[in-house]
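Text of the file work14.txt, holding compact mmCIF, C-alpha atoms:
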```txt
# COMPACT_ATOMS: atom_id res chain seq x y z
CA MET A 1 67.97 122.40 117.19
CA GLU A 2 68.56 120.18 114.17
CA THR A 3 71.46 121.23 111.97
CA VAL A 4 71.00 122.01 108.30
CA PHE A 5 71.38 118.94 106.10
CA THR A 6 74.24 119.58 103.67
CA PRO A 7 74.77 116.64 101.32
CA LEU A 8 78.27 115.26 101.06
CA LYS A 9 77.44 112.59 98.47
CA TYR A 10 74.41 111.38 96.57
CA GLY A 11 73.81 107.66 96.29
CA VAL A 12 71.47 106.11 93.75
CA GLY A 13 70.40 102.52 94.41
CA ILE A 14 69.02 100.66 91.40
CA ASP A 15 67.16 97.35 91.64
CA MET A 16 67.23 95.99 88.09
CA GLY A 17 64.62 93.82 86.40
CA LYS A 18 64.01 92.57 82.89
CA GLU A 19 61.31 95.09 81.97
CA LYS A 20 61.69 97.82 84.61
CA PHE A 21 63.89 98.92 87.49
CA ALA A 22 63.32 100.73 90.78
CA ALA A 23 65.57 103.63 91.76
CA CYS A 24 66.15 105.45 95.03
CA LEU A 25 68.20 108.64 95.35
CA SER A 26 69.56 109.30 98.84
CA ALA A 27 72.11 111.71 100.29
CA ILE A 28 74.56 111.55 103.18
CA ASP A 29 76.00 114.51 105.09
CA THR A 30 79.19 114.98 107.09
CA THR A 31 77.55 113.63 110.27
CA GLY A 32 76.62 110.35 108.60
CA ARG A 33 72.91 111.10 108.36
CA ILE A 34 71.18 109.66 105.30
CA LYS A 35 68.02 111.09 103.77
CA ILE A 36 65.93 109.66 100.97
CA LYS A 37 65.40 112.37 98.38
CA ALA A 38 63.24 110.52 95.84
CA THR A 39 62.13 107.09 94.62
CA HIS A 40 60.73 106.06 91.24
CA SER A 41 60.41 103.18 88.77
CA PHE A 42 61.51 103.28 85.14
CA ALA A 43 61.27 101.08 82.09
CA ASN A 44 64.44 99.13 81.33
CA SER A 45 64.68 100.58 77.82
CA PRO A 46 66.52 103.46 76.10
CA LYS A 47 63.57 105.79 76.82
CA GLY A 48 63.46 104.66 80.44
CA HIS A 49 67.20 105.23 80.79
CA ALA A 50 66.79 108.79 79.46
CA ASP A 51 63.93 109.45 81.91
CA PHE A 52 66.10 108.09 84.72
CA ASP A 53 68.96 110.43 83.79
CA ARG A 54 66.67 113.49 83.86
CA TRP A 55 65.17 112.34 87.18
CA CYS A 56 68.62 112.06 88.78
CA THR A 57 69.62 115.49 87.48
CA HIS A 58 66.42 117.04 88.84
CA HIS A 59 66.74 115.62 92.37
CA GLY A 60 70.52 115.91 92.66
CA LYS A 61 70.47 119.69 92.67
CA HIS A 62 73.94 120.34 94.11
CA PRO A 63 76.23 120.43 91.06
CA HIS A 64 79.46 119.99 93.07
CA VAL A 65 78.22 117.01 95.10
CA PRO A 66 79.26 113.68 93.54
CA THR A 67 76.66 111.07 92.65
CA HIS A 68 77.47 107.35 92.92
CA TYR A 69 75.27 104.69 91.33
CA LEU A 70 74.96 101.14 92.65
CA MET A 71 73.23 98.11 91.15
CA GLU A 72 73.37 94.34 91.41
CA ALA A 73 74.78 92.09 88.71
CA THR A 74 71.35 90.62 87.93
CA GLY A 75 71.89 88.42 84.89
CA VAL A 76 72.48 90.70 81.91
CA TYR A 77 69.61 93.09 82.67
CA TYR A 78 71.85 95.69 84.29
CA GLU A 79 74.42 95.89 81.49
CA HIS A 80 72.78 98.44 79.16
CA LEU A 81 72.09 100.97 81.93
CA ALA A 82 75.50 100.46 83.52
CA LEU A 83 77.21 100.98 80.16
CA ALA A 84 75.14 104.11 79.41
CA LEU A 85 76.07 105.64 82.79
CA HIS A 86 79.73 104.63 82.39
CA GLN A 87 79.94 106.27 78.96
CA LYS A 88 78.70 109.53 80.52
CA GLY A 89 81.53 109.41 83.05
CA ALA A 90 79.33 108.49 86.03
CA HIS A 91 80.66 106.63 89.08
CA VAL A 92 78.94 103.28 88.58
CA CYS A 93 79.34 100.35 90.99
CA VAL A 94 78.13 96.81 90.38
CA ILE A 95 78.12 94.19 93.14
CA LEU A 96 77.13 90.55 93.38
CA PRO A 97 73.56 89.91 94.64
CA GLN A 98 74.94 87.87 97.55
CA LYS A 99 76.81 90.89 98.91
CA ALA A 100 73.69 93.06 98.72
CA LYS A 101 71.64 90.34 100.38
CA TYR A 102 73.92 90.19 103.42
CA TYR A 103 73.96 94.00 103.67
CA VAL A 104 70.15 94.11 103.73
CA LYS A 105 70.16 91.49 106.50
CA ALA A 106 72.66 93.57 108.47
CA LEU A 107 70.28 96.53 108.29
CA GLY A 108 67.55 94.39 109.83
CA ILE A 109 65.20 94.85 106.87
CA LYS A 110 62.62 92.07 106.62
CA THR A 111 60.48 93.39 103.77
CA LYS A 112 61.41 92.28 100.27
CA THR A 113 60.27 94.57 97.45
CA ASP A 114 62.01 96.29 94.54
CA GLY A 115 61.62 99.68 96.22
CA VAL A 116 63.05 98.48 99.54
CA ASP A 117 65.99 96.84 97.77
CA ALA A 118 66.70 100.08 95.90
CA GLN A 119 66.68 102.04 99.17
CA ALA A 120 69.08 99.56 100.76
CA LEU A 121 71.45 99.86 97.79
CA ALA A 122 71.27 103.66 97.99
CA THR A 123 72.19 103.52 101.69
CA MET A 124 75.02 101.11 100.94
CA VAL A 125 76.60 103.27 98.24
CA CYS A 126 76.30 106.34 100.47
CA GLN A 127 78.05 104.66 103.40
CA GLN A 128 80.69 102.59 101.63
CA ARG A 129 83.49 103.22 99.21
CA LEU A 130 82.91 100.79 96.33
CA GLU A 131 85.04 100.04 93.30
CA VAL A 132 84.10 101.65 90.01
CA TRP A 133 82.62 99.25 87.46
CA ARG A 134 84.43 98.98 84.16
CA PRO A 135 82.85 97.17 81.20
CA ILE A 136 84.74 94.43 79.42
CA SER A 137 85.74 94.92 75.80
CA GLN A 138 83.52 93.73 72.98
CA ALA A 139 86.07 91.11 71.93
CA MET A 140 86.26 89.69 75.45
CA TYR A 141 82.47 89.79 75.80
CA GLU A 142 82.02 87.80 72.60
CA LEU A 143 84.73 85.32 73.64
CA ARG A 144 82.95 84.82 76.95
CA GLN A 145 79.73 84.02 75.11
CA LEU A 146 81.59 81.39 73.10
CA THR A 147 83.24 79.75 76.13
CA ARG A 148 79.95 79.64 78.03
CA GLN A 149 78.14 78.22 75.01
CA GLN A 150 80.79 75.51 74.65
CA ALA A 151 80.53 74.60 78.34
CA ASP A 152 76.72 74.55 78.26
CA LEU A 153 76.74 72.37 75.16
CA GLN A 154 79.06 69.91 76.92
CA VAL A 155 76.60 69.65 79.82
CA PHE A 156 73.72 69.19 77.37
CA LYS A 157 75.70 66.52 75.49
CA THR A 158 76.21 64.56 78.71
CA LYS A 159 72.48 64.65 79.47
CA VAL A 160 71.49 63.49 75.98
CA SER A 161 74.15 60.75 76.04
CA ASN A 162 72.83 59.47 79.36
CA HIS A 163 69.25 59.49 78.06
CA LEU A 164 70.31 57.61 74.94
CA MET A 165 72.21 55.04 77.00
CA SER A 166 69.18 54.57 79.25
CA LEU A 167 66.96 54.08 76.21
CA GLU A 168 69.29 51.45 74.74
CA GLN A 169 69.28 49.48 77.99
CA GLY A 170 65.47 49.28 78.15
CA ILE A 171 63.62 46.05 77.37
CA TYR A 172 61.79 47.81 74.53
CA GLN A 173 63.06 50.62 72.34
CA ALA A 174 61.19 53.21 70.29
CA LYS A 175 63.29 53.37 67.15
CA GLU A 176 62.10 56.84 66.22
CA VAL A 177 63.02 58.26 69.63
CA LYS A 178 66.41 56.60 69.43
CA ARG A 179 66.97 58.04 65.95
CA GLN A 180 66.01 61.56 67.08
CA MET A 181 68.30 61.42 70.11
CA ALA A 182 71.21 60.15 68.02
CA LYS A 183 70.61 62.97 65.54
CA LEU A 184 70.43 65.53 68.36
CA LEU A 185 73.67 64.20 69.85
CA ALA A 186 75.43 64.52 66.50
CA GLU A 187 74.21 68.11 66.12
CA ILE A 188 75.42 69.00 69.62
CA GLU A 189 78.87 67.55 68.87
CA LYS A 190 78.98 69.58 65.65
CA GLN A 191 78.16 72.81 67.51
CA ILE A 192 80.75 72.06 70.19
CA ASP A 193 83.38 71.63 67.49
CA GLU A 194 82.34 74.93 65.89
CA CYS A 195 82.54 76.76 69.24
CA GLU A 196 86.01 75.40 69.94
CA LYS A 197 87.25 76.49 66.52
CA LEU A 198 85.81 79.99 67.01
CA ILE A 199 87.43 80.25 70.46
CA ALA A 200 90.81 79.25 69.03
CA LYS A 201 90.38 81.74 66.18
CA ALA A 202 89.46 84.60 68.52
CA ILE A 203 92.55 84.00 70.66
CA ALA A 204 94.83 83.62 67.63
CA GLN A 205 93.66 87.01 66.30
CA ASN A 206 94.74 88.80 69.50
CA ALA A 207 98.54 88.78 69.75
CA GLU A 208 98.64 89.34 73.52
CA TRP A 209 96.07 86.63 74.26
CA LYS A 210 97.83 84.21 71.92
CA ARG A 211 101.24 84.74 73.55
CA LYS A 212 99.98 84.44 77.12
CA VAL A 213 97.80 81.41 76.42
CA GLU A 214 100.73 79.58 74.78
CA GLN A 215 102.93 80.38 77.79
CA ILE A 216 100.37 78.97 80.22
CA CYS A 217 99.64 75.91 78.07
CA ALA A 218 103.24 74.87 78.68
CA ILE A 219 101.68 73.20 81.74
CA LYS A 220 101.01 69.73 80.38
CA GLY A 221 97.33 69.04 80.98
CA VAL A 222 96.16 72.66 80.73
CA GLY A 223 94.57 73.44 77.39
CA LEU A 224 93.36 76.45 75.48
CA LEU A 225 89.74 76.04 76.60
CA THR A 226 90.74 76.06 80.28
CA VAL A 227 92.68 79.31 79.94
CA ALA A 228 90.01 80.90 77.72
CA ASN A 229 87.36 80.09 80.34
CA LEU A 230 89.45 81.66 83.10
CA ILE A 231 90.25 84.91 81.33
CA THR A 232 86.67 85.45 80.15
CA GLU A 233 85.11 84.79 83.56
CA THR A 234 87.59 87.17 85.26
CA ASN A 235 88.02 89.76 82.46
CA GLU A 236 91.73 88.90 82.26
CA PHE A 237 91.93 89.05 86.10
CA ALA A 238 91.37 92.82 85.95
CA LEU A 239 89.07 92.84 88.98
CA PHE A 240 91.60 91.37 91.42
CA GLU A 241 94.46 92.95 93.28
CA ASN A 242 95.78 89.72 94.79
CA GLN A 243 95.36 85.94 94.77
CA ARG A 244 93.18 85.96 97.89
CA GLN A 245 90.47 87.96 96.11
CA LEU A 246 90.61 85.64 93.12
CA VAL A 247 90.36 82.51 95.29
CA SER A 248 87.32 83.96 97.06
CA TYR A 249 85.68 84.93 93.76
CA ALA A 250 86.07 81.37 92.48
CA GLY A 251 84.64 79.87 95.69
CA TYR A 252 87.84 78.17 96.85
CA ASP A 253 88.09 80.22 100.06
CA VAL A 254 87.98 78.29 103.32
CA VAL A 255 84.93 78.41 105.60
CA GLU A 256 85.42 77.31 109.20
CA ASN A 257 82.62 76.12 111.47
CA GLN A 258 83.75 76.37 115.10
CA SER A 259 82.12 77.73 118.24
CA GLY A 260 83.31 77.12 121.79
CA LYS A 261 84.20 73.45 122.19
CA ARG A 262 82.33 72.41 119.07
CA VAL A 263 84.48 72.02 115.98
CA GLY A 264 82.52 71.49 112.76
CA LYS A 265 83.70 70.55 109.30
CA THR A 266 85.98 72.96 107.46
CA ARG A 267 85.26 73.26 103.75
CA ILE A 268 85.53 75.56 100.77
CA SER A 269 82.71 78.08 100.44
CA LYS A 270 81.65 77.35 96.84
CA ARG A 271 80.15 80.85 96.92
CA GLY A 272 81.68 82.11 93.74
CA ASN A 273 81.91 81.57 90.02
CA ALA A 274 80.99 77.93 89.47
CA ARG A 275 82.11 78.10 85.82
CA ILE A 276 85.70 78.62 86.98
CA ARG A 277 85.58 75.58 89.26
CA ARG A 278 83.95 73.47 86.56
CA GLY A 279 86.59 74.50 84.02
CA LEU A 280 89.48 73.67 86.36
CA HIS A 281 88.14 70.23 87.29
CA MET A 282 89.33 68.41 84.18
CA ALA A 283 92.61 70.34 84.14
CA SER A 284 93.36 69.18 87.70
CA LEU A 285 92.81 65.56 86.67
CA MET A 286 95.14 65.90 83.69
CA VAL A 287 98.07 67.61 85.42
CA VAL A 288 98.07 64.88 88.08
CA ARG A 289 97.83 62.17 85.43
CA TYR A 290 100.80 63.69 83.58
CA GLU A 291 102.67 63.99 86.90
CA GLN A 292 103.29 67.72 86.57
CA ARG A 293 105.03 69.28 89.51
CA PRO A 294 104.23 70.80 91.91
CA PHE A 295 100.66 69.60 91.36
CA VAL A 296 101.22 65.86 91.64
CA GLY A 297 103.18 66.32 94.88
CA LEU A 298 100.42 68.49 96.30
CA TYR A 299 97.76 65.96 95.33
CA GLU A 300 99.67 63.07 96.93
CA ARG A 301 100.22 64.93 100.21
CA VAL A 302 96.56 65.93 100.54
CA PHE A 303 95.36 62.44 99.61
CA GLU A 304 97.79 60.87 102.10
CA ARG A 305 96.46 63.10 104.85
CA THR A 306 92.73 62.88 104.06
CA LYS A 307 92.35 59.62 102.09
CA VAL A 308 89.86 61.47 99.84
CA LYS A 309 90.87 61.88 96.20
CA MET A 310 88.53 64.82 95.52
CA LYS A 311 90.14 66.87 98.29
CA GLY A 312 93.46 66.41 96.54
CA TYR A 313 92.02 67.46 93.19
CA VAL A 314 90.38 70.55 94.71
CA ALA A 315 93.75 71.51 96.18
CA VAL A 316 95.26 71.17 92.70
CA GLN A 317 92.46 73.29 91.20
CA ARG A 318 93.17 76.07 93.66
CA LYS A 319 96.91 75.88 92.96
CA LEU A 320 96.29 75.92 89.20
CA LEU A 321 94.07 78.99 89.52
CA THR A 322 96.65 81.02 91.45
CA LEU A 323 99.51 79.90 89.21
CA ILE A 324 97.68 80.82 85.98
CA TYR A 325 96.81 84.19 87.56
CA ALA A 326 100.49 84.84 88.32
CA LEU A 327 101.68 83.76 84.86
CA TRP A 328 99.06 85.92 83.12
CA LYS A 329 99.80 89.00 85.22
CA LYS A 330 103.58 88.67 84.91
CA ASP A 331 103.42 87.60 81.23
CA GLU A 332 105.77 84.68 81.89
CA LYS A 333 106.04 81.14 80.58
CA TYR A 334 105.48 78.24 82.93
CA ASP A 335 108.67 76.63 84.21
CA GLY A 336 108.18 73.36 86.08
CA ASN A 337 111.63 73.68 87.67
CA PHE A 338 111.10 77.23 88.95
CA VAL A 339 111.95 77.83 92.61
CA SER A 340 110.95 81.13 94.18
CA ALA A 341 113.28 83.22 96.34
CA GLY A 342 111.16 82.40 99.40
CA GLN A 343 111.52 78.69 98.75
CA LYS A 344 115.30 78.97 98.34
CA LYS A 345 115.61 80.60 101.76
CA VAL A 346 114.07 77.60 103.50
CA ALA A 347 115.60 74.95 101.25
CA PRO A 348 117.11 72.13 103.34
CA THR A 349 120.71 71.09 103.31
CA LYS A 350 121.70 67.90 101.53
CA GLY A 351 120.35 64.83 103.27
CA ALA A 352 118.00 66.78 105.54
CA THR A 353 114.42 65.60 106.05
CA LEU A 354 111.57 68.07 105.82
CA HIS A 355 108.79 68.06 108.36
CA ARG A 356 105.27 68.13 106.91
CA PRO A 357 104.50 71.88 107.46
CA GLN A 358 107.82 72.97 105.91
CA ALA A 359 107.32 70.72 102.89
CA ASP A 360 103.95 72.34 102.31
CA VAL A 361 105.50 75.81 102.36
CA LEU A 362 108.11 74.78 99.80
CA GLU A 363 105.35 74.01 97.33
CA GLY A 364 103.83 77.43 97.92
CA VAL A 365 100.72 75.88 99.45
CA ASN A 366 99.33 75.83 102.96
CA ILE A 367 97.82 72.37 103.29
CA GLY A 368 95.63 73.52 106.16
CA GLU A 369 93.73 75.71 103.72
CA LEU A 370 93.11 72.99 101.15
CA VAL A 371 89.89 71.26 102.04
CA GLU A 372 87.12 69.26 100.50
CA SER A 373 84.90 70.53 97.70
```
Encoded form (structure tokens):
Amino acid sequence: METVFTPLKYGVGIDMGKEKFAACLSAIDTTGRIKIKATHSFANSPKGHADFDRWCTHHGKHPHVPTHYLMEATGVYYEHLALALHQKGAHVCVILPQKAKYYVKALGIKTKTDGVDAQALATMVCQQRLEVWRPISQAMYELRQLTRQQADLQVFKTKVSNHLMSLEQGIYQAKEVKRQMAKLLAEIEKQIDECEKLIAKAIAQNAEWKRKVEQICAIKGVGLLTVANLITETNEFALFENQRQLVSYAGYDVVENQSGKRVGKTRISKRGNARIRRGLHMASLMVVRYEQRPFVGLYERVFERTKVKMKGYVAVQRKLLTLIYALWKKDEKYDGNFVSAGQKKVAPTKGATLHRPQADVLEGVNIGELVES
């Protein structure tokens, strides 16, 4: 005889879209059984959000059973609903689409519809313990818009410059087209300058940001824009408990490809925030050019081992990311002569020669983990 289904937790999976979203409310009991209670679609608007709230209240009839909401970070479409639920004190979880995609594959689901995705998310939030989503502050949100606009304008400027150069090298030139492109390039440069001034102003107006950014910029080659990009893309590193999580989020984590006797190429995953990697690229070039330690030593060792410059620069990017994270969290100024307690313990005696693995440890970096981009 089947036991009575007593819900232990309600899980609401939400598949967000620009104009509407699909929702599925499921429940899990103490035996791990999951039952779908209701499914419905709503308009992604204030009225639709209100209808969704009443629908959840109606189908989640046990007042003492918690309800957890789960949605994907689909562009910006999820933000208004997530914020509305958060302000009501709801347990809201937001995950990257890639994580949801792999979970759906693990369930063996082949169909791809909004309703099926919502059901999979409802099952996921019922079965797993997920971190509560917390919105970033308005000031940080606006700063992130500025840093992204500045980066996008730089990319656009490069494209227009290349087009203009190509036009000038042609055997014939349309003067009007050349004039328009030159005018467009000047306007882009003007907007970039405005964005950079607004970014600097926003940081200067926040005493904590200003102090921490100045401490990190003591690294010669790391500028205000690099730090501003990092803190906006990570919400001041609030989402990470350790460096490993941050490295994975930025796409610098190592992916191995080995099975039996076959040994494939080891590389970084690049499955993360590409804006972080793009922002650290120029900084890695500059710190090596200015011979900042420990970065220049790290670059030289990786280049000596691999004979590929980009692998060395990627290693420096990863090191820069973890160092800036540590300085921001500890609220400390960069000291190029700093030696950690762990490094002092393995420091060699005078005249001793370090073997390669030990030298890597002294720099706080495992060379085996630093691979090509």
* Asked: Quick one: of A:Gly251, A:Gly297, A:Gly221, A:Pro46, who's nearest to Leu85 of chain A, counting all atoms listed in the file?
  ->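 Among A:Gly251, A:Gly297, A:Gly221, A:Pro46, it is A:Pro46 that comes nearest to Leu85 of chain A.
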Compile the contact shell of segment 48-64 of chain A as a ChimeraX atom specification: residues with an atom at most 12 Å away, counting all atoms listed in the file, same-chain residues fewer than 2 positions apart removed. /A:6-14,16,19-27,36-46,66-69,78-85,88,90
Problem - Test item: residues at most 12 Å from segment 157-163 of chain A, only C-alpha atoms, excluding those fewer than 5 positions along its chain, as a list in words - result: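 Counting only the stated atoms, we get Gln149, Gln150, Ala151, Asp152, Glu168, Gln169, Gly170, Val177, Lys178, Gln180, Met181, Ala182, Lys183, Leu184, Leu185, Ala186, Glu187, Ile188, Glu189, Lys190, Gln191 and Ile192 of chain A.
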Q: Would you work out the distance separating atom CA of Arg289 of chain A from atom CA of Glu236 of chain A, expressed in Å to one decimal?
A: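 These atoms are spaced 27.6 Å apart.
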field: One-decimal distance in Å that lies between atom CA of Asp253 of chain A and atom CA of Leu298 of chain A
entry: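 About the pair atom CA of Leu298 of chain A and atom CA of Asp253 of chain A: they are 17.4 Å apart.
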Within-9 Å shell of (95.1, 64.1, 95.9) in input frame, only C-alpha atoms, as an NGL selection string: :A and (288 or 296-304 or 306-316)
For Leu246 of chain A, the closest of A:Ile171, A:Thr322, A:Glu196, A:Gln317 counting all atoms listed in the file is A:Thr322
Judged by all atoms listed in the file, the minimum distance to Asp15 of chain A among A:Val132, A:Ala73, A:Leu321, A:Ala228 is found for A:Ala73
Computed gap from atom CA of Met286 of chain A to atom CA of Thr234 of chain A is 22.6 Å
- Task: Go through A:Gln243, A:Asn337, A:Asn235, A:Thr226 one by one, measure the shortest atom-to-atom distance of each to Val213 of chain A using all atoms listed in the file, and give the residue with the smallest value.
- Result: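 Counting all atoms listed in the file, the residue closest to Val213 of chain A is A:Thr226.
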Shortest contact to Ile219 of chain A, candidates A:Ala120, A:Val287, A:Val247, A:Met71, atoms counted all atoms listed in the file, goes to A:Val287
**Item:** Distance criterion (only C-alpha atoms): nearest to Leu323 of chain A out of A:Val227, A:Val254, A:Val76, A:Val125
**Value:**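 Distance minimum relative to Leu323 of chain A lands on A:Val227.
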